[in-house]
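Asker: This is run29.cif (mmCIF, C-alpha atoms, pLDDT in the B column; chains and numbers go by the auth columns).
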```
data_run
loop_
_atom_site.group_PDB
_atom_site.id
_atom_site.type_symbol
_atom_site.label_atom_id
_atom_site.label_comp_id
_atom_site.label_asym_id
_atom_site.label_seq_id
_atom_site.Cartn_x
_atom_site.Cartn_y
_atom_site.Cartn_z
_atom_site.B_iso_or_equiv
_atom_site.auth_seq_id
_atom_site.auth_asym_id
ATOM 1 C CA GLN A 1 -20.243 -4.024 11.952 89.00 109 A
ATOM 2 C CA THR A 2 -20.611 -6.003 15.162 93.00 110 A
ATOM 3 C CA PHE A 3 -17.845 -3.994 16.820 95.00 111 A
ATOM 4 C CA LEU A 4 -19.237 -0.639 15.678 93.00 112 A
ATOM 5 C CA ARG A 5 -22.766 -1.559 16.705 93.00 113 A
ATOM 6 C CA ASP A 6 -22.259 -3.462 19.956 93.00 114 A
ATOM 7 C CA HIS A 7 -18.868 -2.563 21.440 94.00 115 A
ATOM 8 C CA GLN A 8 -18.595 1.232 21.197 95.00 116 A
ATOM 9 C CA ASP A 9 -20.754 4.288 20.398 93.00 117 A
ATOM 10 C CA LEU A 10 -18.602 6.479 18.150 96.00 118 A
ATOM 11 C CA GLU A 11 -20.017 7.197 14.696 96.00 119 A
ATOM 12 C CA CYS A 12 -18.631 6.415 11.259 96.00 120 A
ATOM 13 C CA TRP A 13 -17.082 9.254 9.276 97.00 121 A
ATOM 14 C CA GLY A 14 -19.532 11.494 7.438 95.00 122 A
ATOM 15 C CA PRO A 15 -17.749 12.934 4.378 93.00 123 A
ATOM 16 C CA GLU A 16 -20.310 15.658 3.682 92.00 124 A
ATOM 17 C CA LYS A 17 -20.124 17.374 7.078 93.00 125 A
ATOM 18 C CA HIS A 18 -16.850 15.811 8.274 95.00 126 A
ATOM 19 C CA THR A 19 -18.442 14.222 11.301 96.00 127 A
ATOM 20 C CA GLY A 20 -17.744 10.943 13.069 96.00 128 A
ATOM 21 C CA VAL A 21 -14.627 8.860 13.628 97.00 129 A
ATOM 22 C CA TRP A 22 -14.326 5.544 11.737 98.00 130 A
ATOM 23 C CA ARG A 23 -13.234 6.146 8.138 97.00 131 A
ATOM 24 C CA LEU A 24 -11.900 3.037 6.429 96.00 132 A
ATOM 25 C CA LEU A 25 -11.248 -0.666 6.866 95.00 133 A
ATOM 26 C CA LEU A 26 -8.637 -2.217 4.563 95.00 134 A
ATOM 27 C CA VAL A 27 -8.157 -5.989 4.428 95.00 135 A
ATOM 28 C CA ARG A 28 -5.586 -7.645 2.165 94.00 136 A
ATOM 29 C CA HIS A 29 -4.993 -11.407 1.910 93.00 137 A
ATOM 30 C CA ASN A 30 -1.908 -13.163 0.548 93.00 138 A
ATOM 31 C CA GLU A 31 -1.447 -16.633 -0.911 90.00 139 A
ATOM 32 C CA ALA A 32 0.162 -17.820 2.327 91.00 140 A
ATOM 33 C CA GLY A 33 -3.199 -17.370 4.055 93.00 141 A
ATOM 34 C CA GLY A 34 -2.284 -14.256 6.026 95.00 142 A
ATOM 35 C CA ALA A 35 -4.212 -11.014 6.247 96.00 143 A
ATOM 36 C CA LEU A 36 -3.111 -7.403 6.526 96.00 144 A
ATOM 37 C CA ILE A 37 -5.709 -5.203 8.223 97.00 145 A
ATOM 38 C CA MET A 38 -5.649 -1.429 8.552 97.00 146 A
ATOM 39 C CA VAL A 39 -8.293 0.646 10.342 97.00 147 A
ATOM 40 C CA GLN A 40 -8.349 4.353 9.556 97.00 148 A
ATOM 41 C CA TYR A 41 -9.978 6.831 11.922 97.00 149 A
ATOM 42 C CA SER A 42 -10.255 10.563 12.563 97.00 150 A
ATOM 43 C CA SER A 43 -9.854 12.264 15.930 96.00 151 A
ATOM 44 C CA ARG A 44 -10.871 15.733 14.708 95.00 152 A
ATOM 45 C CA ASN A 45 -14.293 15.357 16.365 95.00 153 A
ATOM 46 C CA CYS A 46 -12.833 14.042 19.631 95.00 154 A
ATOM 47 C CA LYS A 47 -11.153 17.152 21.001 92.00 155 A
ATOM 48 C CA GLU A 48 -13.126 17.214 24.245 94.00 156 A
ATOM 49 C CA LYS A 49 -11.724 14.986 26.976 95.00 157 A
ATOM 50 C CA GLU A 50 -14.809 12.782 27.185 94.00 158 A
ATOM 51 C CA GLN A 51 -14.760 12.035 23.455 95.00 159 A
ATOM 52 C CA ALA A 52 -10.971 11.652 23.397 96.00 160 A
ATOM 53 C CA ASP A 53 -11.179 9.112 26.232 96.00 161 A
ATOM 54 C CA LYS A 54 -13.917 7.254 24.358 96.00 162 A
ATOM 55 C CA LEU A 55 -11.774 7.072 21.239 97.00 163 A
ATOM 56 C CA GLU A 56 -8.717 5.854 23.145 96.00 164 A
ATOM 57 C CA ALA A 57 -10.779 3.146 24.830 96.00 165 A
ATOM 58 C CA ALA A 58 -12.425 2.179 21.544 97.00 166 A
ATOM 59 C CA LEU A 59 -9.061 1.697 19.837 97.00 167 A
ATOM 60 C CA VAL A 60 -7.954 -0.668 22.598 96.00 168 A
ATOM 61 C CA LYS A 61 -11.240 -2.581 22.332 97.00 169 A
ATOM 62 C CA LEU A 62 -10.911 -2.661 18.536 97.00 170 A
ATOM 63 C CA LYS A 63 -7.557 -4.425 18.643 97.00 171 A
ATOM 64 C CA THR A 64 -8.835 -6.985 21.144 97.00 172 A
ATOM 65 C CA PHE A 65 -12.027 -7.553 19.179 97.00 173 A
ATOM 66 C CA ILE A 66 -10.267 -8.107 15.836 97.00 174 A
ATOM 67 C CA VAL A 67 -7.651 -10.443 17.331 96.00 175 A
ATOM 68 C CA ASP A 68 -10.271 -12.435 19.235 96.00 176 A
ATOM 69 C CA GLU A 69 -12.541 -12.722 16.188 96.00 177 A
ATOM 70 C CA ALA A 70 -9.599 -13.833 14.048 95.00 178 A
ATOM 71 C CA THR A 71 -8.811 -16.561 16.581 95.00 179 A
ATOM 72 C CA ARG A 72 -12.446 -17.649 16.690 95.00 180 A
ATOM 73 C CA THR A 73 -12.840 -17.803 12.902 95.00 181 A
ATOM 74 C CA GLY A 74 -9.380 -19.118 12.053 95.00 182 A
ATOM 75 C CA LEU A 75 -8.256 -15.963 10.256 95.00 183 A
ATOM 76 C CA LYS A 76 -4.473 -15.568 10.372 96.00 184 A
ATOM 77 C CA ILE A 77 -3.676 -11.910 10.995 96.00 185 A
ATOM 78 C CA ALA A 78 -0.181 -11.189 9.738 96.00 186 A
ATOM 79 C CA SER A 79 -0.344 -7.447 10.471 97.00 187 A
ATOM 80 C CA LEU A 80 -2.864 -5.094 12.110 97.00 188 A
ATOM 81 C CA PHE A 81 -2.374 -1.348 11.684 98.00 189 A
ATOM 82 C CA VAL A 82 -4.278 1.802 12.608 98.00 190 A
ATOM 83 C CA GLN A 83 -3.949 5.159 10.884 97.00 191 A
ATOM 84 C CA GLU A 84 -5.120 8.528 12.171 97.00 192 A
ATOM 85 C CA HIS A 85 -6.302 10.632 9.205 97.00 193 A
ATOM 86 C CA ASN A 86 -7.729 14.033 10.134 96.00 194 A
ATOM 87 C CA GLU A 87 -7.833 15.779 6.760 94.00 195 A
ATOM 88 C CA VAL A 88 -11.241 16.231 5.104 93.00 196 A
ATOM 89 C CA GLY A 89 -10.250 14.494 1.856 91.00 197 A
ATOM 90 C CA ASN A 90 -10.686 10.744 1.531 91.00 198 A
ATOM 91 C CA ARG A 91 -7.058 10.031 0.621 90.00 199 A
ATOM 92 C CA ALA A 92 -4.539 10.325 3.425 92.00 200 A
ATOM 93 C CA LEU A 93 -1.244 12.001 2.602 87.00 201 A
ATOM 94 C CA ASP A 94 1.668 9.664 1.937 82.00 202 A
ATOM 95 C CA SER A 95 3.339 11.165 4.998 84.00 203 A
ATOM 96 C CA THR A 96 0.425 10.182 7.268 92.00 204 A
ATOM 97 C CA PRO A 97 1.930 7.594 9.630 91.00 205 A
ATOM 98 C CA VAL A 98 0.516 4.149 10.332 95.00 206 A
ATOM 99 C CA GLN A 99 0.884 2.385 13.662 96.00 207 A
ATOM 100 C CA LEU A 100 1.428 -1.346 14.019 97.00 208 A
ATOM 101 C CA VAL A 101 -0.685 -2.673 16.900 97.00 209 A
ATOM 102 C CA HIS A 102 -0.432 -6.433 16.293 97.00 210 A
ATOM 103 C CA GLY A 103 1.638 -8.870 14.250 96.00 211 A
ATOM 104 C CA ASP A 104 4.512 -8.227 11.854 94.00 212 A
ATOM 105 C CA ALA A 105 5.539 -4.853 10.483 90.00 213 A
ATOM 106 C CA VAL A 106 6.154 -6.413 7.040 88.00 214 A
ATOM 107 C CA PHE A 107 3.569 -8.106 4.801 93.00 215 A
ATOM 108 C CA HIS A 108 4.587 -10.180 1.765 94.00 216 A
ATOM 109 C CA GLU A 109 2.971 -11.621 -1.348 94.00 217 A
ATOM 110 C CA LYS A 110 4.344 -13.864 -4.110 93.00 218 A
ATOM 111 C CA LEU A 111 3.975 -12.897 -7.766 92.00 219 A
ATOM 112 C CA LEU A 112 5.529 -14.769 -10.721 91.00 220 A
ATOM 113 C CA GLY A 113 8.115 -16.345 -8.459 92.00 221 A
ATOM 114 C CA LEU A 114 9.110 -13.040 -6.885 94.00 222 A
ATOM 115 C CA SER A 115 8.461 -11.991 -3.285 94.00 223 A
ATOM 116 C CA PHE A 116 6.992 -8.539 -2.710 94.00 224 A
ATOM 117 C CA ARG A 117 6.971 -6.538 0.509 92.00 225 A
ATOM 118 C CA ILE A 118 3.766 -4.489 0.765 91.00 226 A
ATOM 119 C CA SER A 119 3.268 -1.520 3.088 89.00 227 A
ATOM 120 C CA PRO A 120 -0.327 -0.943 4.255 91.00 228 A
ATOM 121 C CA THR A 121 -0.694 2.262 2.222 88.00 229 A
ATOM 122 C CA ALA A 122 1.167 1.072 -0.909 86.00 230 A
ATOM 123 C CA PHE A 123 -0.670 0.036 -4.081 84.00 231 A
ATOM 124 C CA PHE A 124 -0.590 -3.634 -4.998 87.00 232 A
ATOM 125 C CA GLN A 125 -3.008 -5.508 -7.267 86.00 233 A
ATOM 126 C CA VAL A 126 -5.710 -7.095 -5.101 84.00 234 A
ATOM 127 C CA ASN A 127 -6.172 -10.187 -7.309 89.00 235 A
ATOM 128 C CA THR A 128 -2.801 -11.947 -7.395 90.00 236 A
ATOM 129 C CA LYS A 129 -3.718 -14.525 -10.045 91.00 237 A
ATOM 130 C CA ALA A 130 -5.102 -11.847 -12.356 93.00 238 A
ATOM 131 C CA ALA A 131 -2.024 -9.702 -11.650 91.00 239 A
ATOM 132 C CA GLU A 132 0.219 -12.548 -12.831 92.00 240 A
ATOM 133 C CA VAL A 133 -1.690 -12.774 -16.123 94.00 241 A
ATOM 134 C CA LEU A 134 -1.583 -8.988 -16.488 91.00 242 A
ATOM 135 C CA ASN A 135 2.144 -8.774 -15.819 89.00 243 A
ATOM 136 C CA CYS A 136 2.900 -11.544 -18.304 90.00 244 A
ATOM 137 C CA LEU A 137 0.953 -9.653 -20.994 91.00 245 A
ATOM 138 C CA ILE A 138 2.743 -6.399 -20.196 90.00 246 A
ATOM 139 C CA ARG A 139 6.105 -8.160 -20.271 86.00 247 A
ATOM 140 C CA ASP A 140 5.333 -9.652 -23.699 87.00 248 A
ATOM 141 C CA TRP A 141 3.923 -6.437 -25.158 88.00 249 A
ATOM 142 C CA ALA A 142 6.822 -4.341 -23.841 85.00 250 A
ATOM 143 C CA GLY A 143 9.249 -6.571 -25.701 82.00 251 A
ATOM 144 C CA ALA A 144 12.002 -5.716 -23.250 79.00 252 A
ATOM 145 C CA ASP A 145 15.479 -6.800 -24.360 82.00 253 A
ATOM 146 C CA LYS A 146 19.114 -6.189 -23.487 82.00 254 A
ATOM 147 C CA ASP A 147 19.317 -3.101 -25.721 83.00 255 A
ATOM 148 C CA GLY A 148 16.301 -1.298 -24.268 83.00 256 A
ATOM 149 C CA ILE A 149 15.201 0.561 -21.177 88.00 257 A
ATOM 150 C CA VAL A 150 11.737 0.247 -19.600 91.00 258 A
ATOM 151 C CA LEU A 151 10.141 3.135 -17.705 93.00 259 A
ATOM 152 C CA ASP A 152 7.639 1.807 -15.151 94.00 260 A
ATOM 153 C CA VAL A 153 5.456 4.882 -14.592 95.00 261 A
ATOM 154 C CA CYS A 154 3.444 4.913 -11.342 93.00 262 A
ATOM 155 C CA CYS A 155 5.268 1.735 -10.380 93.00 263 A
ATOM 156 C CA GLY A 156 3.846 1.180 -6.892 90.00 264 A
ATOM 157 C CA THR A 157 5.855 -1.512 -5.115 91.00 265 A
ATOM 158 C CA GLY A 158 7.694 -2.317 -8.363 93.00 266 A
ATOM 159 C CA THR A 159 5.657 -5.327 -9.490 92.00 267 A
ATOM 160 C CA ILE A 160 5.624 -4.616 -13.239 93.00 268 A
ATOM 161 C CA GLY A 161 9.209 -3.384 -13.409 93.00 269 A
ATOM 162 C CA LEU A 162 10.607 -6.312 -11.454 94.00 270 A
ATOM 163 C CA CYS A 163 8.616 -8.819 -13.510 91.00 271 A
ATOM 164 C CA ILE A 164 9.992 -7.241 -16.710 89.00 272 A
ATOM 165 C CA SER A 165 13.528 -6.881 -15.402 90.00 273 A
ATOM 166 C CA GLN A 166 14.733 -10.343 -16.460 84.00 274 A
ATOM 167 C CA GLY A 167 14.369 -9.414 -20.122 82.00 275 A
ATOM 168 C CA ALA A 168 15.413 -5.772 -19.944 86.00 276 A
ATOM 169 C CA ARG A 169 18.811 -4.182 -19.687 87.00 277 A
ATOM 170 C CA LYS A 170 17.458 -1.446 -17.396 91.00 278 A
ATOM 171 C CA VAL A 171 14.186 -0.622 -15.638 93.00 279 A
ATOM 172 C CA VAL A 172 13.410 2.724 -13.994 95.00 280 A
ATOM 173 C CA GLY A 173 10.312 3.025 -11.828 95.00 281 A
ATOM 174 C CA ILE A 174 8.621 6.304 -10.875 96.00 282 A
ATOM 175 C CA GLU A 175 6.158 6.497 -7.980 94.00 283 A
ATOM 176 C CA MET A 176 4.771 9.352 -5.846 91.00 284 A
ATOM 177 C CA CYS A 177 4.170 7.244 -2.719 90.00 285 A
ATOM 178 C CA GLU A 178 7.387 7.201 -0.682 89.00 286 A
ATOM 179 C CA ALA A 179 6.410 4.032 1.193 88.00 287 A
ATOM 180 C CA ALA A 180 5.836 2.213 -2.099 91.00 288 A
ATOM 181 C CA VAL A 181 9.234 3.345 -3.443 94.00 289 A
ATOM 182 C CA GLN A 182 10.941 2.004 -0.340 93.00 290 A
ATOM 183 C CA ASP A 183 9.052 -1.262 -0.795 93.00 291 A
ATOM 184 C CA ALA A 184 10.133 -1.390 -4.453 95.00 292 A
ATOM 185 C CA LYS A 185 13.804 -0.907 -3.565 96.00 293 A
ATOM 186 C CA LEU A 186 13.633 -3.577 -0.874 95.00 294 A
ATOM 187 C CA ASN A 187 11.777 -5.890 -3.250 95.00 295 A
ATOM 188 C CA ALA A 188 14.513 -5.512 -5.847 96.00 296 A
ATOM 189 C CA SER A 189 17.178 -6.234 -3.251 96.00 297 A
ATOM 190 C CA SER A 190 15.413 -9.239 -1.704 95.00 298 A
ATOM 191 C CA ASN A 191 14.860 -10.772 -5.157 96.00 299 A
ATOM 192 C CA ASN A 192 18.491 -10.132 -6.203 95.00 300 A
ATOM 193 C CA VAL A 193 17.446 -7.816 -9.045 95.00 301 A
ATOM 194 C CA SER A 194 20.206 -5.298 -9.766 94.00 302 A
ATOM 195 C CA ASN A 195 19.058 -3.603 -12.989 94.00 303 A
ATOM 196 C CA CYS A 196 16.130 -1.612 -11.493 95.00 304 A
ATOM 197 C CA ASP A 197 16.139 1.939 -10.117 95.00 305 A
ATOM 198 C CA PHE A 198 13.129 3.420 -8.322 96.00 306 A
ATOM 199 C CA LEU A 199 12.557 7.159 -7.911 95.00 307 A
ATOM 200 C CA ALA A 200 10.087 9.001 -5.670 94.00 308 A
ATOM 201 C CA GLY A 201 7.990 11.830 -7.119 93.00 309 A
ATOM 202 C CA LYS A 202 5.099 12.653 -9.412 93.00 310 A
ATOM 203 C CA ALA A 203 5.454 11.167 -12.885 92.00 311 A
ATOM 204 C CA GLU A 204 4.980 14.556 -14.560 93.00 312 A
ATOM 205 C CA ASP A 205 7.846 15.966 -12.494 93.00 313 A
ATOM 206 C CA GLN A 206 10.238 13.030 -12.861 92.00 314 A
ATOM 207 C CA ILE A 207 9.745 11.799 -16.426 89.00 315 A
ATOM 208 C CA THR A 208 11.805 14.578 -18.093 89.00 316 A
ATOM 209 C CA LYS A 209 14.653 14.065 -15.620 89.00 317 A
ATOM 210 C CA VAL A 210 14.564 10.309 -16.170 88.00 318 A
ATOM 211 C CA ILE A 211 14.682 10.660 -19.952 86.00 319 A
ATOM 212 C CA ALA A 212 17.546 13.164 -19.706 87.00 320 A
ATOM 213 C CA GLU A 213 19.558 10.960 -17.369 87.00 321 A
ATOM 214 C CA TYR A 214 18.871 7.503 -18.727 83.00 322 A
ATOM 215 C CA VAL A 215 17.615 7.779 -22.331 80.00 323 A
ATOM 216 C CA THR A 216 19.104 10.865 -23.995 74.00 324 A
ATOM 217 C CA PRO A 217 22.812 9.879 -23.672 75.00 325 A
ATOM 218 C CA GLY A 218 22.173 7.154 -26.263 73.00 326 A
ATOM 219 C CA THR A 219 23.045 4.250 -24.030 77.00 327 A
ATOM 220 C CA PHE A 220 19.930 2.372 -25.116 77.00 328 A
ATOM 221 C CA THR A 221 18.611 1.765 -28.624 77.00 329 A
ATOM 222 C CA HIS A 222 14.960 2.086 -27.576 82.00 330 A
ATOM 223 C CA CYS A 223 12.742 3.044 -24.645 85.00 331 A
ATOM 224 C CA VAL A 224 9.375 1.588 -23.612 88.00 332 A
ATOM 225 C CA ALA A 225 7.072 3.187 -21.011 89.00 333 A
ATOM 226 C CA VAL A 226 4.445 1.127 -19.206 90.00 334 A
#
```
Would it be possible to restate this file's structure as structure tokens?
Answerer:
Amino acid sequence: QTFLRDHQDLECWGPEKHTGVWRLLLVRHNEAGGALIMVQYSSRNCKEKEQADKLEAALVKLKTFIVDEATRTGLKIASLFVQEHNEVGNRALDSTPVQLVHGDAVFHEKLLGLSFRISPTAFFQVNTKAAEVLNCLIRDWAGADKDGIVLDVCCGTGTIGLCISQGARKVVGIEMCEAAVQDAKLNASSNNVSNCDFLAGKAEDQITKVIAEYVTPGTFTHCVAV
């Protein structure tokens, strides 16, 4: 609020009339004390040179302001990203790029002894302690064993599937966000988990293919979807 009020004069995004610039501020903390920050903005109302120059200058000031404030307050910024989102809908397309302007390109969190890489646009439970309780319950209820296959539908970065994988013979995750699928594959590799596959696409488009490829041949005695 201090930056928007005192350090620049561009307006916040107005969803009704699609006016303004600043759309979203995302802040994620991990147990190591680091923070991932992403600022989303629109340039659709900055086509004239004067406004475009203002936006360019404001983005430079924004980076400096956030880094300086983090230093002053003791906040450890692991990664700072910006994302230009010019569509009228609130949700940016998965293909909308993000730009790293400070820190590390990779952000990690620990969950049930596993390390998870998290992209700025990928879904990951915001409350890690609650997520550990939730994943333990899902693992118990799924009853995964060496004769069964688990389908992790809308798997995100693979948290549920990877947490279940120790008890299951096979886990297949389905997720529409490409960045999250890449995170899931890297998470499986970095945690030395070899019995998980992750596929990109909408669940309604992929589920029939997954069942035909993995379940129908009779390789597994039972299938559980979570």
Asker: Enumerate, as a PyMOL selection string, the residues matched when the PyMOL selection byres ((chain A and resi 252) around 10) is run on the file above.
Answerer: chain A and resi 246-251+253-258+272-279+330-332
Asker: For the PyMOL selection byres ((chain A and resi 120) around 6), applied here, can you spell out every residue it catches as a PDB file with C-alpha atoms, keeping the file's coordinate frame?
Answerer:
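Written file, expr_20.pdb:
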```
ATOM      1  CA  GLU A 119     -20.017   7.197  14.696  1.00 96.00           C
ATOM      2  CA  TRP A 121     -17.082   9.254   9.276  1.00 97.00           C
ATOM      3  CA  GLY A 128     -17.744  10.943  13.069  1.00 96.00           C
ATOM      4  CA  VAL A 129     -14.627   8.860  13.628  1.00 97.00           C
ATOM      5  CA  TRP A 130     -14.326   5.544  11.737  1.00 98.00           C
TER       6      TRP A 130
END
```
Asker: Taking the file as shown, what set of residues would the PyMOL selection byres ((chain A and resi 240) around 10) give back, as a PDB file with C-alpha atoms, in the coordinates of the input?
Answerer:
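Wrote it out as result-v7.pdb, contents follow:
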```
ATOM      1  CA  LYS A 218       4.344 -13.864  -4.110  1.00 93.00           C
ATOM      2  CA  LEU A 219       3.975 -12.897  -7.766  1.00 92.00           C
ATOM      3  CA  LEU A 220       5.529 -14.769 -10.721  1.00 91.00           C
ATOM      4  CA  GLY A 221       8.115 -16.345  -8.459  1.00 92.00           C
ATOM      5  CA  GLN A 233      -3.008  -5.508  -7.267  1.00 86.00           C
ATOM      6  CA  ASN A 235      -6.172 -10.187  -7.309  1.00 89.00           C
ATOM      7  CA  THR A 236      -2.801 -11.947  -7.395  1.00 90.00           C
ATOM      8  CA  LYS A 237      -3.718 -14.525 -10.045  1.00 91.00           C
ATOM      9  CA  ALA A 238      -5.102 -11.847 -12.356  1.00 93.00           C
ATOM     10  CA  ALA A 239      -2.024  -9.702 -11.650  1.00 91.00           C
ATOM     11  CA  VAL A 241      -1.690 -12.774 -16.123  1.00 94.00           C
ATOM     12  CA  LEU A 242      -1.583  -8.988 -16.488  1.00 91.00           C
ATOM     13  CA  ASN A 243       2.144  -8.774 -15.819  1.00 89.00           C
ATOM     14  CA  CYS A 244       2.900 -11.544 -18.304  1.00 90.00           C
ATOM     15  CA  LEU A 245       0.953  -9.653 -20.994  1.00 91.00           C
ATOM     16  CA  ILE A 246       2.743  -6.399 -20.196  1.00 90.00           C
ATOM     17  CA  THR A 267       5.657  -5.327  -9.490  1.00 92.00           C
ATOM     18  CA  ILE A 268       5.624  -4.616 -13.239  1.00 93.00           C
ATOM     19  CA  CYS A 271       8.616  -8.819 -13.510  1.00 91.00           C
TER      20      CYS A 271
END
```
Asker: For the contact check between region 230-308 of chain A and region 195-210 of chain A, emit one row per residue of region 230-308 of chain A within 10 Å, containing the shortest atom pair and the distance in Å rounded to one decimal, counting all atoms listed in the file, chain then rising number order, as a Markdown table.
Answerer:
```
| residue | atom | partner | partner_atom | distance |
| --- | --- | --- | --- | --- |
| A:Ala230 | CA | A:Asp202 | CA | 9.1 |
| A:Met284 | CA | A:Asp202 | CA | 8.4 |
| A:Cys285 | CA | A:Asp202 | CA | 5.8 |
| A:Glu286 | CA | A:Asp202 | CA | 6.8 |
| A:Ala287 | CA | A:Asp202 | CA | 7.4 |
| A:Ala288 | CA | A:Asp202 | CA | 9.4 |
```
Asker: I'd like the box whose edges run along x, y and z of the file and which contains every listed atom of region 316-328 of chain A, padded by 3 Å per side; could you state its centre and edge lengths in Å, one decimal, as AutoDock Vina command-line options?
Answerer:
```
--center_x 17.4 --center_y 8.5 --center_z -20.9 --size_x 17.2 --size_y 18.2 --size_z 16.6
```
Asker: Looking at all atoms listed in the file, which of A:Ala333, A:Ala165, A:Val289, A:Ala143 is the one that sits closest to Leu188 (chain A)?
Answerer: A:Ala143
Asker: Would you list the contacts of region 110-112 of chain A as an MDAnalysis selection string, taking every protein, DNA or RNA residue within 8 Å and counting all atoms listed in the file, but skipping same-chain residues closer than 5 positions in sequence?
Answerer: chainID A and resid 117:119 170 173
Asker: Take the residues from that selection and write them out as an mmCIF file, in the frame of the given file, keeping C-alpha atoms.
Answerer:
```
data_model
loop_
_atom_site.group_PDB
_atom_site.id
_atom_site.type_symbol
_atom_site.label_atom_id
_atom_site.label_comp_id
_atom_site.auth_asym_id
_atom_site.auth_seq_id
_atom_site.Cartn_x
_atom_site.Cartn_y
_atom_site.Cartn_z
ATOM 1 C CA ASP A 117 -20.754 4.288 20.398
ATOM 2 C CA LEU A 118 -18.602 6.479 18.150
ATOM 3 C CA GLU A 119 -20.017 7.197 14.696
ATOM 4 C CA LEU A 170 -10.911 -2.661 18.536
ATOM 5 C CA PHE A 173 -12.027 -7.553 19.179
#
```
Asker: Have a look at A:Gln314, A:Gln116, A:Thr229, A:Ser223 and name the one nearest to Asp161 (chain A); count all atoms listed in the file.
Answerer: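 Checking each candidate against Asp161 (chain A), we get A:Gln116 as the closest.
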Asker: What is the distance, in Å and to one decimal place, between CA of Gly142 (chain A) and CA of Phe215 (chain A)?
Answerer: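 A separation of 8.6 Å between them.
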Asker: Would you work out the distance separating CA of Thr172 (chain A) from CA of Ile185 (chain A), expressed in Å to one decimal?
Answerer: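 Taking CA of Thr172 (chain A) as the start and CA of Ile185 (chain A) as the end point, the length is 12.4 Å.
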Asker: Between CA of Arg225 (chain A) and CA of Asn295 (chain A), what distance in Å does the model show, to one decimal?
Answerer: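 If I compute the distance from CA of Arg225 (chain A) to CA of Asn295 (chain A), I get 6.1 Å.
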Asker: Which residue, A:Glu283, A:Leu270, A:Ala311, A:Lys162, has the smallest gap to Ala296 (chain A) when you use only C-alpha atoms?
Answerer: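 Of all the options, A:Leu270 lies closest to Ala296 (chain A).
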Asker: Using only C-alpha atoms, which of the listed residues (A:Leu134, A:Val190, A:Leu307, A:Ala178) sits closest to Phe231 (chain A)?
Answerer: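 Closest to Phe231 (chain A) of all the choices is A:Leu134.
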Asker: Please provide as a list of chain:residue names all residues within 9 Å of Phe232 (chain A), with the sequence filter that same-chain residues fewer than 6 positions apart are discarded (counting only C-alpha atoms).
Answerer: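 Neighbouring residues, sequence-local ones excluded: A:Ile226, A:Gly264, A:Thr265, A:Thr267.
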Asker: Take the residues that were just selected and, keeping C-alpha atoms, output them as a tab-separated table (two decimals), keeping the file's coordinate frame.
Answerer:
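Output file selection-v4.tsv follows:
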```tsv
chain	number	residue	atom	x	y	z
A	226	ILE	CA	3.77	-4.49	0.76
A	264	GLY	CA	3.85	1.18	-6.89
A	265	THR	CA	5.86	-1.51	-5.12
A	267	THR	CA	5.66	-5.33	-9.49
```
Asker: From the options A:Ala320, A:Leu222, A:Cys263, A:Leu132, which residue's atoms come nearest to Asn299 (chain A), counting all atoms listed in the file?
Answerer: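 The closest residue to Asn299 (chain A) is A:Leu222.
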Asker: Would you mind telling me which residue in A:Val334, A:Val280, A:Ala140, A:Ala292 lies nearest to Lys317 (chain A) when using only C-alpha atoms?
Answerer: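 Of A:Val334, A:Val280, A:Ala140, A:Ala292, the one nearest Lys317 (chain A), counting only C-alpha atoms, is A:Val280.
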Asker: Would you list the residues near (2.5, -9.3, 14.2) (no more than 7 Å away, in the coordinates of the file, using all atoms listed in the file) as a list in words?
Answerer: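 Output: Ala186, Ser187, His210, Gly211, Asp212 and Ala213 of chain A.
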